[in-house]
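Printed here is upload00.pdb (PDB, C-alpha atoms, pLDDT in the B column):
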ATOM      1  CA  MET U  15     156.223 -40.875 -26.735  1.00 80.00           C
ATOM      2  CA  ASP U  16     154.017 -43.154 -24.655  1.00 86.00           C
ATOM      3  CA  ALA U  17     150.249 -43.639 -24.518  1.00 89.00           C
ATOM      4  CA  ALA U  18     149.777 -41.072 -21.752  1.00 88.00           C
ATOM      5  CA  LEU U  19     151.570 -38.403 -23.756  1.00 91.00           C
ATOM      6  CA  LEU U  20     149.641 -39.247 -26.934  1.00 93.00           C
ATOM      7  CA  GLU U  21     146.436 -38.852 -24.927  1.00 91.00           C
ATOM      8  CA  ALA U  22     147.641 -35.519 -23.504  1.00 90.00           C
ATOM      9  CA  VAL U  23     148.373 -34.186 -26.987  1.00 93.00           C
ATOM     10  CA  ALA U  24     145.019 -35.458 -28.257  1.00 94.00           C
ATOM     11  CA  THR U  25     143.238 -33.624 -25.444  1.00 91.00           C
ATOM     12  CA  ALA U  26     145.278 -30.475 -26.076  1.00 92.00           C
ATOM     13  CA  LEU U  27     144.217 -30.391 -29.729  1.00 94.00           C
ATOM     14  CA  GLU U  28     140.517 -30.836 -29.028  1.00 93.00           C
ATOM     15  CA  TYR U  29     138.023 -27.991 -28.816  1.00 92.00           C
ATOM     16  CA  PRO U  30     138.621 -26.192 -25.504  1.00 91.00           C
ATOM     17  CA  GLY U  31     135.971 -26.414 -22.864  1.00 75.00           C
ATOM     18  CA  PRO U  32     135.375 -27.053 -19.149  1.00 70.00           C
ATOM     19  CA  GLY U  33     138.200 -29.001 -17.538  1.00 58.00           C
ATOM     20  CA  LYS U  34     140.582 -28.523 -20.454  1.00 58.00           C
ATOM     21  CA  ALA U  35     142.649 -25.764 -18.860  1.00 51.00           C
ATOM     22  CA  GLU U  36     144.731 -28.035 -16.662  1.00 53.00           C
ATOM     23  CA  ARG U  37     144.997 -31.130 -18.825  1.00 58.00           C
ATOM     24  CA  PRO U  38     147.490 -30.106 -21.574  1.00 56.00           C
ATOM     25  CA  GLY U  39     150.121 -29.283 -18.966  1.00 51.00           C
ATOM     26  CA  THR U  40     149.588 -32.247 -16.644  1.00 54.00           C
ATOM     27  CA  ALA U  41     152.996 -32.944 -15.135  1.00 52.00           C
ATOM     28  CA  GLY U  42     152.675 -36.724 -15.212  1.00 57.00           C
ATOM     29  CA  ALA U  43     151.998 -36.807 -18.939  1.00 63.00           C
ATOM     30  CA  LEU U  44     154.967 -34.549 -19.693  1.00 68.00           C
ATOM     31  CA  THR U  45     157.683 -36.534 -17.942  1.00 73.00           C
ATOM     32  CA  CYS U  46     158.615 -38.364 -21.162  1.00 77.00           C
ATOM     33  CA  ALA U  47     157.799 -35.511 -23.563  1.00 84.00           C
ATOM     34  CA  PRO U  48     160.511 -34.018 -25.768  1.00 89.00           C
ATOM     35  CA  PRO U  49     161.404 -30.565 -24.409  1.00 92.00           C
ATOM     36  CA  ALA U  50     159.838 -28.611 -27.284  1.00 94.00           C
ATOM     37  CA  LEU U  51     156.548 -30.489 -27.006  1.00 93.00           C
ATOM     38  CA  ALA U  52     156.495 -30.230 -23.211  1.00 92.00           C
ATOM     39  CA  SER U  53     157.069 -26.479 -23.430  1.00 93.00           C
ATOM     40  CA  ALA U  54     154.319 -26.041 -26.037  1.00 94.00           C
ATOM     41  CA  LEU U  55     151.827 -28.067 -23.986  1.00 92.00           C
ATOM     42  CA  GLN U  56     152.649 -26.139 -20.812  1.00 90.00           C
ATOM     43  CA  ALA U  57     152.240 -22.828 -22.662  1.00 92.00           C
ATOM     44  CA  LEU U  58     148.876 -23.960 -24.034  1.00 92.00           C
ATOM     45  CA  GLY U  59     147.748 -25.028 -20.565  1.00 89.00           C
ATOM     46  CA  ALA U  60     148.767 -21.654 -19.133  1.00 89.00           C
ATOM     47  CA  TYR U  61     146.893 -19.838 -21.891  1.00 91.00           C
ATOM     48  CA  LEU U  62     143.724 -21.872 -21.371  1.00 90.00           C
ATOM     49  CA  ALA U  63     143.849 -21.233 -17.623  1.00 88.00           C
ATOM     50  CA  ALA U  64     144.157 -17.464 -18.093  1.00 90.00           C
ATOM     51  CA  ALA U  65     142.030 -16.830 -21.180  1.00 90.00           C
ATOM     52  CA  PRO U  66     138.823 -14.817 -20.729  1.00 92.00           C
ATOM     53  CA  ALA U  67     135.584 -16.760 -21.079  1.00 89.00           C
ATOM     54  CA  GLY U  68     134.916 -17.642 -24.699  1.00 90.00           C
ATOM     55  CA  GLU U  69     138.246 -16.416 -26.081  1.00 93.00           C
ATOM     56  CA  ALA U  70     139.908 -19.826 -26.369  1.00 93.00           C
ATOM     57  CA  GLU U  71     136.888 -21.324 -28.137  1.00 93.00           C
ATOM     58  CA  GLU U  72     136.809 -18.418 -30.574  1.00 94.00           C
ATOM     59  CA  ARG U  73     140.531 -18.626 -31.364  1.00 94.00           C
ATOM     60  CA  TYR U  74     140.422 -22.405 -31.780  1.00 95.00           C
ATOM     61  CA  THR U  75     137.509 -22.178 -34.221  1.00 94.00           C
ATOM     62  CA  ALA U  76     139.171 -19.405 -36.204  1.00 94.00           C
ATOM     63  CA  LEU U  77     142.419 -21.384 -36.434  1.00 94.00           C
ATOM     64  CA  PHE U  78     141.248 -24.886 -37.269  1.00 94.00           C
ATOM     65  CA  ASP U  79     137.628 -24.731 -38.434  1.00 91.00           C
ATOM     66  CA  LEU U  80     137.379 -21.666 -40.656  1.00 88.00           C
ATOM     67  CA  ASN U  81     140.398 -22.317 -42.868  1.00 84.00           C
ATOM     68  CA  PRO U  82     140.659 -25.719 -44.608  1.00 87.00           C
ATOM     69  CA  VAL U  83     144.454 -25.530 -44.962  1.00 89.00           C
ATOM     70  CA  CYS U  84     144.716 -25.572 -41.159  1.00 92.00           C
ATOM     71  CA  THR U  85     142.148 -28.298 -40.491  1.00 94.00           C
ATOM     72  CA  LEU U  86     142.898 -31.047 -37.998  1.00 96.00           C
ATOM     73  CA  HIS U  87     141.399 -33.652 -40.340  1.00 95.00           C
ATOM     74  CA  ALA U  88     144.453 -35.522 -41.593  1.00 94.00           C
ATOM     75  CA  GLY U  89     142.730 -37.130 -44.563  1.00 92.00           C
ATOM     76  CA  TYR U  90     141.850 -33.739 -46.009  1.00 93.00           C
ATOM     77  CA  HIS U  91     145.521 -32.794 -46.138  1.00 92.00           C
ATOM     78  CA  LEU U  92     146.332 -35.973 -48.068  1.00 90.00           C
ATOM     79  CA  PHE U  93     143.355 -36.216 -50.424  1.00 89.00           C
ATOM     80  CA  GLY U  94     141.219 -33.086 -50.183  1.00 89.00           C
ATOM     81  CA  GLU U  95     137.668 -34.084 -51.070  1.00 85.00           C
ATOM     82  CA  ASP U  96     138.806 -36.850 -53.447  1.00 86.00           C
ATOM     83  CA  TYR U  97     137.045 -40.216 -53.175  1.00 87.00           C
ATOM     84  CA  LYS U  98     140.221 -41.666 -51.652  1.00 88.00           C
ATOM     85  CA  ARG U  99     139.472 -39.730 -48.487  1.00 91.00           C
ATOM     86  CA  GLY U 100     136.131 -41.514 -48.287  1.00 91.00           C
ATOM     87  CA  GLU U 101     137.922 -44.862 -48.483  1.00 90.00           C
ATOM     88  CA  LEU U 102     140.306 -43.729 -45.769  1.00 91.00           C
ATOM     89  CA  LEU U 103     137.455 -42.610 -43.516  1.00 93.00           C
ATOM     90  CA  ALA U 104     135.687 -45.944 -43.913  1.00 92.00           C
ATOM     91  CA  GLY U 105     138.836 -47.879 -43.041  1.00 91.00           C
ATOM     92  CA  LEU U 106     139.580 -45.673 -40.049  1.00 92.00           C
ATOM     93  CA  ALA U 107     136.007 -45.971 -38.781  1.00 93.00           C
ATOM     94  CA  ALA U 108     136.414 -49.750 -38.711  1.00 92.00           C
ATOM     95  CA  GLU U 109     139.724 -49.461 -36.870  1.00 92.00           C
ATOM     96  CA  LEU U 110     138.212 -47.111 -34.293  1.00 93.00           C
ATOM     97  CA  ARG U 111     135.348 -49.516 -33.660  1.00 93.00           C
ATOM     98  CA  ARG U 112     137.799 -52.376 -33.137  1.00 92.00           C
ATOM     99  CA  ALA U 113     139.837 -50.262 -30.738  1.00 92.00           C
ATOM    100  CA  GLU U 114     136.645 -49.054 -28.992  1.00 94.00           C
ATOM    101  CA  ILE U 115     137.608 -45.416 -29.486  1.00 93.00           C
ATOM    102  CA  PRO U 116     134.635 -43.043 -29.766  1.00 89.00           C
ATOM    103  CA  ASN U 117     135.009 -40.158 -32.198  1.00 81.00           C
ATOM    104  CA  GLY U 118     131.826 -38.333 -31.247  1.00 84.00           C
ATOM    105  CA  THR U 119     130.697 -35.907 -33.925  1.00 88.00           C
ATOM    106  CA  GLU U 120     134.132 -35.716 -35.567  1.00 91.00           C
ATOM    107  CA  LEU U 121     135.116 -37.609 -38.705  1.00 94.00           C
ATOM    108  CA  PRO U 122     137.470 -40.576 -38.132  1.00 94.00           C
ATOM    109  CA  ASP U 123     140.506 -38.725 -39.534  1.00 95.00           C
ATOM    110  CA  PHE U 124     140.388 -36.075 -36.774  1.00 96.00           C
ATOM    111  CA  PHE U 125     143.961 -35.726 -35.503  1.00 96.00           C
ATOM    112  CA  PRO U 126     143.209 -36.177 -31.767  1.00 96.00           C
ATOM    113  CA  THR U 127     141.262 -39.348 -32.584  1.00 96.00           C
ATOM    114  CA  LEU U 128     144.184 -40.671 -34.631  1.00 96.00           C
ATOM    115  CA  LEU U 129     146.578 -39.994 -31.755  1.00 96.00           C
ATOM    116  CA  ARG U 130     144.347 -42.080 -29.485  1.00 95.00           C
ATOM    117  CA  LEU U 131     144.299 -44.836 -32.087  1.00 95.00           C
ATOM    118  CA  ALA U 132     148.108 -44.735 -32.197  1.00 95.00           C
ATOM    119  CA  ALA U 133     148.203 -44.999 -28.399  1.00 94.00           C
ATOM    120  CA  ARG U 134     146.132 -48.204 -28.476  1.00 94.00           C
ATOM    121  CA  SER U 135     147.808 -49.834 -31.487  1.00 92.00           C
ATOM    122  CA  ASP U 136     150.628 -52.356 -31.471  1.00 91.00           C
ATOM    123  CA  ALA U 137     154.043 -51.171 -32.617  1.00 92.00           C
ATOM    124  CA  GLU U 138     153.645 -52.235 -36.261  1.00 90.00           C
ATOM    125  CA  ALA U 139     150.176 -50.758 -36.723  1.00 91.00           C
ATOM    126  CA  ARG U 140     151.275 -47.588 -34.926  1.00 92.00           C
ATOM    127  CA  ALA U 141     154.256 -47.222 -37.248  1.00 91.00           C
ATOM    128  CA  THR U 142     151.972 -47.559 -40.285  1.00 90.00           C
ATOM    129  CA  LEU U 143     149.629 -44.910 -38.898  1.00 91.00           C
ATOM    130  CA  VAL U 144     152.503 -42.552 -38.149  1.00 92.00           C
ATOM    131  CA  ASP U 145     154.390 -42.997 -41.423  1.00 90.00           C
ATOM    132  CA  TYR U 146     151.439 -43.154 -43.795  1.00 89.00           C
ATOM    133  CA  LEU U 147     148.981 -40.704 -42.271  1.00 92.00           C
ATOM    134  CA  LEU U 148     150.104 -38.605 -39.301  1.00 94.00           C
ATOM    135  CA  LEU U 149     153.500 -37.439 -40.552  1.00 93.00           C
ATOM    136  CA  PRO U 150     152.371 -36.710 -44.145  1.00 92.00           C
ATOM    137  CA  ALA U 151     149.441 -34.673 -42.804  1.00 93.00           C
ATOM    138  CA  LEU U 152     151.795 -32.796 -40.480  1.00 94.00           C
ATOM    139  CA  VAL U 153     153.847 -31.671 -43.484  1.00 91.00           C
ATOM    140  CA  LYS U 154     150.849 -29.666 -44.681  1.00 91.00           C
ATOM    141  CA  MET U 155     149.630 -28.664 -41.226  1.00 93.00           C
ATOM    142  CA  THR U 156     153.017 -27.409 -40.067  1.00 93.00           C
ATOM    143  CA  ASP U 157     153.503 -25.371 -43.220  1.00 92.00           C
ATOM    144  CA  ALA U 158     150.036 -23.817 -42.902  1.00 92.00           C
ATOM    145  CA  LEU U 159     150.668 -22.910 -39.251  1.00 93.00           C
ATOM    146  CA  LYS U 160     154.321 -21.888 -39.471  1.00 92.00           C
ATOM    147  CA  ALA U 161     153.617 -18.186 -38.935  1.00 91.00           C
ATOM    148  CA  SER U 162     150.790 -18.599 -36.431  1.00 93.00           C
ATOM    149  CA  GLU U 163     151.271 -17.342 -32.881  1.00 93.00           C
ATOM    150  CA  SER U 164     148.425 -19.516 -31.600  1.00 95.00           C
ATOM    151  CA  PRO U 165     149.367 -21.793 -28.689  1.00 95.00           C
ATOM    152  CA  TRP U 166     147.765 -24.730 -30.547  1.00 95.00           C
ATOM    153  CA  ALA U 167     149.932 -24.057 -33.590  1.00 96.00           C
ATOM    154  CA  ALA U 168     153.008 -24.274 -31.387  1.00 95.00           C
ATOM    155  CA  VAL U 169     151.941 -27.759 -30.298  1.00 95.00           C
ATOM    156  CA  VAL U 170     151.356 -28.869 -33.906  1.00 96.00           C
ATOM    157  CA  ARG U 171     154.783 -27.619 -34.987  1.00 96.00           C
ATOM    158  CA  THR U 172     156.515 -29.866 -32.431  1.00 95.00           C
ATOM    159  CA  LEU U 173     154.690 -33.053 -33.412  1.00 95.00           C
ATOM    160  CA  THR U 174     156.719 -34.142 -36.443  1.00 93.00           C
ATOM    161  CA  SER U 175     159.894 -34.633 -34.419  1.00 93.00           C
ATOM    162  CA  ALA U 176     157.968 -36.076 -31.470  1.00 93.00           C
ATOM    163  CA  LEU U 177     156.047 -38.660 -33.525  1.00 94.00           C
ATOM    164  CA  ALA U 178     158.813 -39.646 -35.959  1.00 92.00           C
ATOM    165  CA  PRO U 179     160.455 -42.156 -33.566  1.00 91.00           C
ATOM    166  CA  LEU U 180     157.189 -44.115 -33.482  1.00 90.00           C
ATOM    167  CA  GLY U 181     157.380 -44.745 -37.233  1.00 86.00           C
ATOM    168  CA  MET U 182     159.759 -46.804 -39.331  1.00 84.00           C
ATOM    169  CA  GLY U 183     161.331 -43.848 -41.098  1.00 77.00           C
ATOM    170  CA  GLU U 184     159.439 -44.250 -44.367  1.00 69.00           C
ATOM    171  CA  ASP U 185     159.311 -40.809 -45.974  1.00 69.00           C
ATOM    172  CA  VAL U 186     155.858 -41.170 -47.479  1.00 65.00           C
ATOM    173  CA  ALA U 187     155.336 -37.409 -47.484  1.00 60.00           C
ATOM    174  CA  ALA U 188     158.227 -36.869 -49.898  1.00 61.00           C
ATOM    175  CA  GLN U 189     156.574 -39.222 -52.396  1.00 58.00           C
ATOM    176  CA  LEU U 190     153.025 -38.086 -51.757  1.00 59.00           C
ATOM    177  CA  PHE U 191     153.618 -34.365 -52.175  1.00 57.00           C
ATOM    178  CA  ALA U 192     156.385 -34.481 -54.786  1.00 52.00           C
ATOM    179  CA  PRO U 193     155.362 -32.738 -58.016  1.00 51.00           C
ATOM    180  CA  ALA U 194     154.618 -35.123 -60.843  1.00 42.00           C
ATOM    181  CA  PRO U 195     157.260 -35.316 -63.588  1.00 43.00           C
ATOM    182  CA  ASP U 196     156.523 -33.070 -66.552  1.00 50.00           C
ATOM    183  CA  TYR U 197     155.593 -35.955 -68.820  1.00 40.00           C
ATOM    184  CA  LEU U 198     152.997 -37.230 -66.313  1.00 36.00           C
ATOM    185  CA  ARG U 199     151.248 -33.970 -65.480  1.00 39.00           C
ATOM    186  CA  GLY U 200     148.822 -34.370 -68.329  1.00 42.00           C
ATOM    187  CA  TYR U 201     147.631 -37.693 -66.931  1.00 38.00           C
ATOM    188  CA  THR U 202     147.432 -37.136 -63.200  1.00 38.00           C
ATOM    189  CA  GLY U 203     146.150 -34.298 -61.101  1.00 41.00           C
ATOM    190  CA  ALA U 204     147.702 -35.394 -57.837  1.00 40.00           C
ATOM    191  CA  ALA U 205     150.207 -37.850 -56.486  1.00 40.00           C
ATOM    192  CA  ASP U 206     148.828 -41.054 -54.997  1.00 44.00           C
ATOM    193  CA  LEU U 207     149.998 -42.737 -51.845  1.00 42.00           C
ATOM    194  CA  PRO U 208     152.590 -45.425 -52.424  1.00 42.00           C
ATOM    195  CA  GLU U 209     151.697 -48.969 -51.584  1.00 41.00           C
ATOM    196  CA  LYS U 210     153.116 -50.782 -48.598  1.00 39.00           C
ATOM    197  CA  GLY U 211     153.335 -54.466 -49.370  1.00 37.00           C
ATOM    198  CA  ASP U 212     149.970 -55.525 -50.709  1.00 33.00           C
ATOM    199  CA  ARG U 213     148.010 -52.992 -48.640  1.00 33.00           C
ATOM    200  CA  HIS U 214     147.058 -49.571 -49.941  1.00 35.00           C
ATOM    201  CA  MET U 215     146.847 -46.934 -47.271  1.00 41.00           C
ATOM    202  CA  PRO U 216     143.365 -45.469 -47.952  1.00 39.00           C
ATOM    203  CA  THR U 217     141.707 -48.663 -46.715  1.00 44.00           C
ATOM    204  CA  PHE U 218     143.880 -48.482 -43.580  1.00 48.00           C
ATOM    205  CA  ASN U 219     143.898 -52.076 -42.484  1.00 48.00           C
ATOM    206  CA  PRO U 220     147.000 -52.333 -40.306  1.00 44.00           C
ATOM    207  CA  PRO U 221     148.498 -55.788 -39.933  1.00 41.00           C
ATOM    208  CA  SER U 222     148.144 -57.726 -36.724  1.00 43.00           C
ATOM    209  CA  ALA U 223     151.201 -57.784 -34.531  1.00 42.00           C
ATOM    210  CA  ALA U 224     153.573 -60.539 -35.442  1.00 42.00           C
ATOM    211  CA  PRO U 225     154.252 -63.095 -32.693  1.00 43.00           C
ATOM    212  CA  GLY U 226     156.806 -61.641 -30.355  1.00 44.00           C
ATOM    213  CA  SER U 227     156.612 -58.156 -31.868  1.00 41.00           C
ATOM    214  CA  ARG U 228     157.224 -55.190 -29.598  1.00 36.00           C
ATOM    215  CA  ALA U 229     154.217 -53.293 -28.271  1.00 38.00           C
ATOM    216  CA  GLU U 230     154.496 -50.213 -26.126  1.00 37.00           C
TER     217      GLU U 230
END
Please lay out the structure from this file as structure tokens.
Amino acid sequence: MDAALLEAVATALEYPGPGKAERPGTAGALTCAPPALASALQALGAYLAAAPAGEAEERYTALFDLNPVCTLHAGYHLFGEDYKRGELLAGLAAELRRAEIPNGTELPDFFPTLLRLAARSDAEARATLVDYLLLPALVKMTDALKASESPWAAVVRTLTSALAPLGMGEDVAAQLFAPAPDYLRGYTGAADLPEKGDRHMPTFNPPSAAPGSRAE
């Protein structure tokens, strides 16, 4: 999944508007896409091209903005409104400034913005972003959208398998969303993210690429 495809998916998951009808299904961006993702993006592009004026905007808002369990804000899926999300947002805002990625009126944990950050990150930082934020959020997002017939939901449901090769295979989601053991439930209300080395994910301060490391 290269930078062009990450950008295509980011655009596809943004609020629909002028010029968005053609972009999700752009042939050049889909040449390296897994078949399921390519099909979902093409279907979304076809829907946007044929939808009556205002319908796509209305459906998008109803799907992602009116129901918190379906939000495209990854940090909400991990932390809800806990203070840890605030720490994550602050760290991501700094990363976006360094990468010169504008996030407009959206919070820094907006999924399309994170996909653009992944596209501009080196391999190690991208793997951290995928394993520790994107894939865990997709666990919740995919479950919330599993029965949806929306063309955007179809794109979201393909992303776990498409993004997984960009990570290092660390199953953070299994630890993050695992129920606490019975003897701990009186002391904790929610699981915390595991640490990776000496860096805790909410601050999101990816390491610099090691000399000679692979960057795509």
Have a look at U:Val153, U:Met182, U:Ala161, U:Leu27 and name the one nearest to Phe78 of chain U; count all atoms listed in the file.
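Checking each of U:Val153, U:Met182, U:Ala161, U:Leu27 against Phe78 of chain U, counting all atoms listed in the file, the winner is U:Leu27.
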Pull out every residue that the PyMOL selection byres ((chain U and resi 170) around 10) matches in the shown coordinates and put them as a PyMOL selection string.
chain U and resi 23+27+51+54-55+86+152+155-156+159-160+165-169+171-174
Output file for the residues above (C-alpha atoms, as an mmCIF file, in the frame of the given file):
data_model
loop_
_atom_site.group_PDB
_atom_site.id
_atom_site.type_symbol
_atom_site.label_atom_id
_atom_site.label_comp_id
_atom_site.auth_asym_id
_atom_site.auth_seq_id
_atom_site.Cartn_x
_atom_site.Cartn_y
_atom_site.Cartn_z
ATOM 1 C CA VAL U 23 148.373 -34.186 -26.987
ATOM 2 C CA LEU U 27 144.217 -30.391 -29.729
ATOM 3 C CA LEU U 51 156.548 -30.489 -27.006
ATOM 4 C CA ALA U 54 154.319 -26.041 -26.037
ATOM 5 C CA LEU U 55 151.827 -28.067 -23.986
ATOM 6 C CA LEU U 86 142.898 -31.047 -37.998
ATOM 7 C CA LEU U 152 151.795 -32.796 -40.480
ATOM 8 C CA MET U 155 149.630 -28.664 -41.226
ATOM 9 C CA THR U 156 153.017 -27.409 -40.067
ATOM 10 C CA LEU U 159 150.668 -22.910 -39.251
ATOM 11 C CA LYS U 160 154.321 -21.888 -39.471
ATOM 12 C CA PRO U 165 149.367 -21.793 -28.689
ATOM 13 C CA TRP U 166 147.765 -24.730 -30.547
ATOM 14 C CA ALA U 167 149.932 -24.057 -33.590
ATOM 15 C CA ALA U 168 153.008 -24.274 -31.387
ATOM 16 C CA VAL U 169 151.941 -27.759 -30.298
ATOM 17 C CA ARG U 171 154.783 -27.619 -34.987
ATOM 18 C CA THR U 172 156.515 -29.866 -32.431
ATOM 19 C CA LEU U 173 154.690 -33.053 -33.412
ATOM 20 C CA THR U 174 156.719 -34.142 -36.443
#
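Take atom CA of Pro32 of chain U and atom CA of Ala65 of chain U: the distance between them is 12.4 Å.
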In Å, how far is it from atom CA of Met15 of chain U to atom CA of Cys46 of chain U?
6.6 Å
In Å, rounded to a single decimal, give me how far atom CA of Glu163 of chain U is from atom CA of Leu62 of chain U.
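Between atom CA of Leu62 of chain U and atom CA of Glu163 of chain U the gap works out to 14.5 Å.
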Ranking U:Arg73, U:Arg140, U:His91, U:Arg134 by minimum distance to Gly181 of chain U and counting all atoms listed in the file, which one comes first?
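Checking each of U:Arg73, U:Arg140, U:His91, U:Arg134 against Gly181 of chain U, counting all atoms listed in the file, the winner is U:Arg140.
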Residue IDs satisfying the PyMOL selection byres ((chain U and resi 19) around 9), as a ChimeraX atom specification:
/U:15-18,20-24,42-47,133
Closest of U:Pro82, U:Gly100, U:Pro126, U:Gly105 to Tyr29 of chain U - atom-to-atom distances counting all atoms listed in the file
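Distance minimum relative to Tyr29 of chain U lands on U:Pro126.
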Pick from U:Val83, U:Leu143, U:Glu114, U:Gly68: nearest to Leu102 of chain U, with all atoms listed in the file counted?
U:Leu143
